[in-house]
>>> print(open('structure-v5.txt').read())   # compact mmCIF, C-alpha atoms
# COMPACT_ATOMS: atom_id res chain seq x y z
CA MET C 11 -36.09 -33.10 -20.39
CA VAL C 12 -36.49 -34.19 -16.76
CA MET C 13 -33.52 -34.76 -14.46
CA ASP C 14 -33.79 -37.23 -11.58
CA ARG C 15 -32.01 -37.10 -8.20
CA ASN C 16 -28.97 -38.91 -9.70
CA ASN C 17 -28.64 -36.24 -12.39
CA ARG C 18 -29.80 -38.59 -15.15
CA SER C 19 -32.10 -37.26 -17.83
CA HIS C 20 -35.24 -39.09 -18.88
CA ARG C 21 -38.40 -38.42 -20.81
CA PRO C 22 -41.32 -37.07 -18.73
CA LYS C 23 -43.93 -39.56 -17.52
CA GLY C 24 -47.20 -39.45 -19.43
CA THR C 25 -45.46 -39.03 -22.79
CA PRO C 26 -44.54 -41.76 -25.31
CA ASP C 27 -41.56 -43.66 -23.84
CA GLY C 28 -42.05 -41.65 -20.64
CA GLY C 29 -39.72 -42.52 -17.80
CA ARG C 30 -37.05 -43.95 -20.11
CA TYR C 31 -33.55 -42.56 -19.76
CA GLU C 32 -32.20 -40.47 -22.60
CA PRO C 33 -29.19 -41.79 -24.50
CA LYS C 34 -25.78 -40.30 -23.67
CA ASN C 35 -23.96 -39.38 -26.87
CA ALA C 36 -24.90 -42.68 -28.46
CA ALA C 37 -27.16 -43.53 -31.32
CA GLY C 38 -30.24 -44.75 -29.42
CA VAL C 39 -28.30 -46.62 -26.71
CA SER C 40 -28.61 -45.56 -23.10
CA GLY C 41 -25.32 -44.91 -21.34
CA ASP C 42 -26.89 -46.32 -18.17
CA VAL C 43 -27.29 -49.83 -19.60
CA ALA C 44 -24.35 -52.12 -20.36
CA ALA C 45 -24.40 -54.09 -23.59
CA PRO C 46 -25.32 -57.76 -23.09
CA ARG C 47 -22.31 -60.04 -22.71
CA ILE C 48 -22.11 -62.74 -25.36
CA ALA C 49 -20.41 -65.88 -24.10
CA PRO C 50 -17.65 -67.15 -26.39
CA ASP C 51 -18.03 -70.55 -28.01
CA PRO C 52 -16.27 -73.46 -26.22
CA HIS C 53 -15.60 -74.98 -29.67
CA ASP C 54 -12.99 -72.25 -30.17
CA LEU C 55 -10.90 -73.72 -27.34
CA ALA C 56 -9.69 -76.53 -29.61
CA ALA C 57 -6.91 -74.09 -30.54
CA ILE C 58 -5.38 -74.43 -27.07
CA PHE C 59 -6.72 -77.77 -25.75
CA ASP C 60 -5.57 -80.51 -28.08
CA ARG C 61 -7.29 -83.10 -25.83
CA PRO C 62 -10.80 -81.78 -24.96
CA ASP C 63 -11.49 -85.05 -23.14
CA LEU C 64 -8.76 -84.17 -20.61
CA ALA C 65 -9.71 -80.51 -20.21
CA ARG C 66 -11.89 -80.54 -17.12
CA GLN C 67 -14.29 -77.84 -16.02
CA ILE C 68 -12.96 -75.91 -13.07
CA ASP C 69 -14.84 -73.68 -10.66
CA PHE C 70 -13.30 -71.00 -8.41
CA THR C 71 -14.61 -68.80 -5.67
CA LEU C 72 -12.58 -65.62 -5.28
CA ALA C 73 -11.99 -63.76 -2.03
CA ASP C 74 -14.62 -61.18 -3.05
CA GLY C 75 -17.23 -63.98 -3.32
CA SER C 76 -17.46 -63.96 -7.11
CA ARG C 77 -17.35 -67.21 -9.08
CA VAL C 78 -15.14 -68.06 -12.03
CA ASN C 79 -15.68 -71.03 -14.35
CA GLY C 80 -13.29 -72.35 -16.94
CA TYR C 81 -11.39 -75.33 -18.29
CA ALA C 82 -8.03 -76.66 -17.15
CA MET C 83 -5.74 -79.62 -17.39
CA ASP C 84 -4.14 -80.33 -14.03
CA CYS C 85 -0.44 -79.35 -13.92
CA GLU C 86 -0.46 -78.32 -17.60
CA ARG C 87 0.49 -75.10 -19.34
CA LEU C 88 -1.64 -73.64 -22.14
CA PRO C 89 -0.24 -71.84 -25.18
CA ARG C 90 -1.08 -68.17 -24.92
CA GLU C 91 -0.26 -67.30 -28.53
CA HIS C 92 -3.44 -68.99 -29.84
CA VAL C 93 -6.08 -67.92 -27.30
CA PRO C 94 -9.38 -67.42 -29.18
CA ASP C 95 -11.32 -64.16 -29.01
CA GLY C 96 -13.45 -63.87 -25.89
CA TRP C 97 -11.29 -66.27 -23.89
CA HIS C 98 -8.52 -65.53 -21.39
CA VAL C 99 -5.77 -67.81 -20.06
CA TYR C 100 -4.33 -67.45 -16.59
CA ALA C 101 -2.09 -69.46 -14.28
CA ILE C 102 -2.73 -70.70 -10.78
CA MET C 103 0.22 -70.35 -8.45
CA GLU C 104 0.17 -72.54 -5.39
CA SER C 105 2.35 -71.74 -2.44
CA GLU C 106 2.55 -73.19 1.03
CA SER C 107 1.54 -71.21 4.05
CA ASP C 108 2.69 -71.47 7.63
CA ASP C 109 -0.43 -73.55 8.30
CA ASP C 110 0.25 -77.13 7.14
CA ASP C 111 -3.37 -77.61 6.05
CA LEU C 112 -3.55 -74.47 3.94
CA ASP C 113 -2.18 -73.85 0.48
CA ILE C 114 -2.43 -70.32 -0.88
CA MET C 115 -3.79 -70.24 -4.42
CA THR C 116 -3.28 -67.12 -6.51
CA ILE C 117 -4.37 -66.27 -10.03
CA ARG C 118 -1.48 -64.88 -12.05
CA GLU C 119 -1.08 -63.72 -15.61
CA ASN C 120 1.61 -66.40 -15.84
CA THR C 121 4.01 -68.01 -13.39
CA ARG C 122 7.10 -70.14 -13.49
CA VAL C 123 7.40 -70.76 -9.75
CA ASN C 124 4.90 -73.01 -7.93
CA HIS C 125 2.82 -73.43 -11.09
CA ARG C 126 -0.26 -75.54 -10.38
CA MET C 127 -2.08 -75.20 -13.72
CA ASP C 128 -3.23 -72.87 -16.46
CA PHE C 129 -6.92 -72.41 -17.14
CA ALA C 130 -9.08 -70.80 -19.81
CA THR C 131 -12.11 -68.72 -18.88
CA ASP C 132 -14.45 -66.32 -20.62
CA ARG C 133 -14.11 -63.89 -17.71
CA ASP C 134 -11.54 -61.10 -17.76
CA LEU C 135 -9.73 -61.36 -14.42
CA THR C 136 -7.45 -58.37 -14.88
CA ASP C 137 -8.78 -56.89 -11.63
CA VAL C 138 -7.81 -59.92 -9.50
CA ILE C 139 -4.61 -61.26 -11.02
CA ASP C 140 -1.30 -60.68 -9.29
CA ASP C 141 -3.09 -59.78 -6.06
CA PRO C 142 -0.35 -58.82 -3.59
CA ALA C 143 -2.28 -60.44 -0.73
CA LEU C 144 -1.71 -63.84 -2.43
CA GLU C 145 -5.08 -65.04 -1.22
CA ASN C 146 -7.50 -64.36 -4.02
CA VAL C 147 -8.72 -67.97 -4.53
CA VAL C 148 -10.82 -69.08 -1.58
CA ASP C 149 -12.20 -72.34 -2.91
CA TRP C 150 -11.70 -74.26 -6.13
CA GLY C 151 -12.26 -77.66 -7.64
CA PHE C 152 -12.82 -79.66 -10.79
CA THR C 153 -16.38 -80.56 -11.76
CA ASP C 154 -17.48 -83.86 -13.29
CA ARG C 155 -17.63 -82.36 -16.78
CA THR C 156 -14.97 -81.94 -19.46
CA LEU C 157 -14.64 -79.66 -22.44
CA ALA C 158 -15.50 -82.67 -24.62
CA ASP C 159 -18.83 -83.00 -22.76
CA ASP C 160 -19.65 -79.37 -23.51
CA LEU C 161 -18.73 -79.76 -27.18
CA ALA C 162 -21.07 -82.72 -27.68
>>> encode(input="structure-v5.txt", output="structure tokens")
Amino acid sequence: MVMDRNNRSHRPKGTPDGGRYEPKNAAGVSGDVAAPRIAPDPHDLAAIFDRPDLARQIDFTLADGSRVNGYAMDCERLPREHVPDGWHVYAIMESESDDDDLDIMTIRENTRVNHRMDFATDRDLTDVIDDPALENVVDWGFTDRTLADDLA
């Protein structure tokens, strides 16, 4: 067994499967490689969007530069008791800032005050919700597509 400078073990070069990392306590799966992410099926969202033709695609850019895509109905709330596996529902809270041209948009688990909309996404946003800085959404907007378009 050969150890590299990052203390990872791999098979020696020149041997069958040489250079490949050894599995870490797993049956043939390397601990250095994440399992591929399987996107959930948009058809499952019928459980929470009773009007797919009104559920528009939404696109966010977070303060860290990452992008989030999902579906939302403007100013609507989504039932959280029927969220299909692989999907997550969050709320957007909109609050005014001291600058008249700037609204602060924040992703929350749920909100009752300054609720702008709920949205469904296949991305787990646990790490960015309820951000105390209240500035985690930099840019957002609806696209020209709806959930109904993606189901066709």
>>> residues_around(input="structure-v5.txt", residues="Gln67 (chain C)", least_positions_apart="2", cutoff="6 Å", atoms="all atoms listed in the file", output="list of chain:residue names")
C:Gly80, C:Tyr81, C:Phe152, C:Thr153, C:Arg155, C:Thr156
>>> atom_distance(input="structure-v5.txt", atom1="CA of Asp160 (chain C)", atom2="CA of Asp84 (chain C)")
18.2 Å
>>> residues_around(input="structure-v5.txt", residues="Arg118 (chain C)", least_positions_apart="2", cutoff="8 Å", atoms="all atoms listed in the file", output="PyMOL selection string")
chain C and resi 100-103+116+120-121+139-140
>>> atom_distance(input="structure-v5.txt", atom1="CA of Pro50 (chain C)", atom2="CA of Thr71 (chain C)")
21.0 Å
>>> closest_residue(input="structure-v5.txt", among="C:Ala49, C:Leu72, C:Leu64, C:Val148", to="Arg133 (chain C)", atoms="all atoms listed in the file")
C:Ala49
>>> closest_residue(input="structure-v5.txt", among="C:Asp149, C:Asp132, C:Asp60, C:Glu86", to="Asp74 (chain C)", atoms="all atoms listed in the file")
C:Asp149
>>> atom_distance(input="structure-v5.txt", atom1="CA of Val138 (chain C)", atom2="CA of His92 (chain C)")
22.7 Å
>>> closest_residue(input="structure-v5.txt", among="C:Pro52, C:Pro62, C:Ala73, C:Val78", to="Gly151 (chain C)", atoms="all atoms listed in the file")
C:Val78
>>> closest_residue(input="structure-v5.txt", among="C:Met115, C:Glu91, C:Phe59, C:Cys85", to="Trp150 (chain C)", atoms="all atoms listed in the file")
C:Met115
>>> residues_around(input="structure-v5.txt", residues="region 95-99 of chain C", least_positions_apart="5", cutoff="9 Å", atoms="only C-alpha atoms", output="list in words")
Ile48, Ala49, Pro50, Asp51, Asp54, Leu55, Leu88, Pro89, Arg90, Glu119, Asn120, Asp128, Phe129, Ala130, Thr131, Asp132, Arg133, Asp134 and Leu135 of chain C
>>> write_last_selection(input="structure-v5.txt", atoms="C-alpha atoms", output="PDB file, in the coordinates of the input")
ATOM      1  CA  ILE C  48     -22.110 -62.740 -25.360  1.00  0.00           C
ATOM      2  CA  ALA C  49     -20.410 -65.880 -24.100  1.00  0.00           C
ATOM      3  CA  PRO C  50     -17.650 -67.150 -26.390  1.00  0.00           C
ATOM      4  CA  ASP C  51     -18.030 -70.550 -28.010  1.00  0.00           C
ATOM      5  CA  ASP C  54     -12.990 -72.250 -30.170  1.00  0.00           C
ATOM      6  CA  LEU C  55     -10.900 -73.720 -27.340  1.00  0.00           C
ATOM      7  CA  LEU C  88      -1.640 -73.640 -22.140  1.00  0.00           C
ATOM      8  CA  PRO C  89      -0.240 -71.840 -25.180  1.00  0.00           C
ATOM      9  CA  ARG C  90      -1.080 -68.170 -24.920  1.00  0.00           C
ATOM     10  CA  GLU C 119      -1.080 -63.720 -15.610  1.00  0.00           C
ATOM     11  CA  ASN C 120       1.610 -66.400 -15.840  1.00  0.00           C
ATOM     12  CA  ASP C 128      -3.230 -72.870 -16.460  1.00  0.00           C
ATOM     13  CA  PHE C 129      -6.920 -72.410 -17.140  1.00  0.00           C
ATOM     14  CA  ALA C 130      -9.080 -70.800 -19.810  1.00  0.00           C
ATOM     15  CA  THR C 131     -12.110 -68.720 -18.880  1.00  0.00           C
ATOM     16  CA  ASP C 132     -14.450 -66.320 -20.620  1.00  0.00           C
ATOM     17  CA  ARG C 133     -14.110 -63.890 -17.710  1.00  0.00           C
ATOM     18  CA  ASP C 134     -11.540 -61.100 -17.760  1.00  0.00           C
ATOM     19  CA  LEU C 135      -9.730 -61.360 -14.420  1.00  0.00           C
TER      20      LEU C 135
END
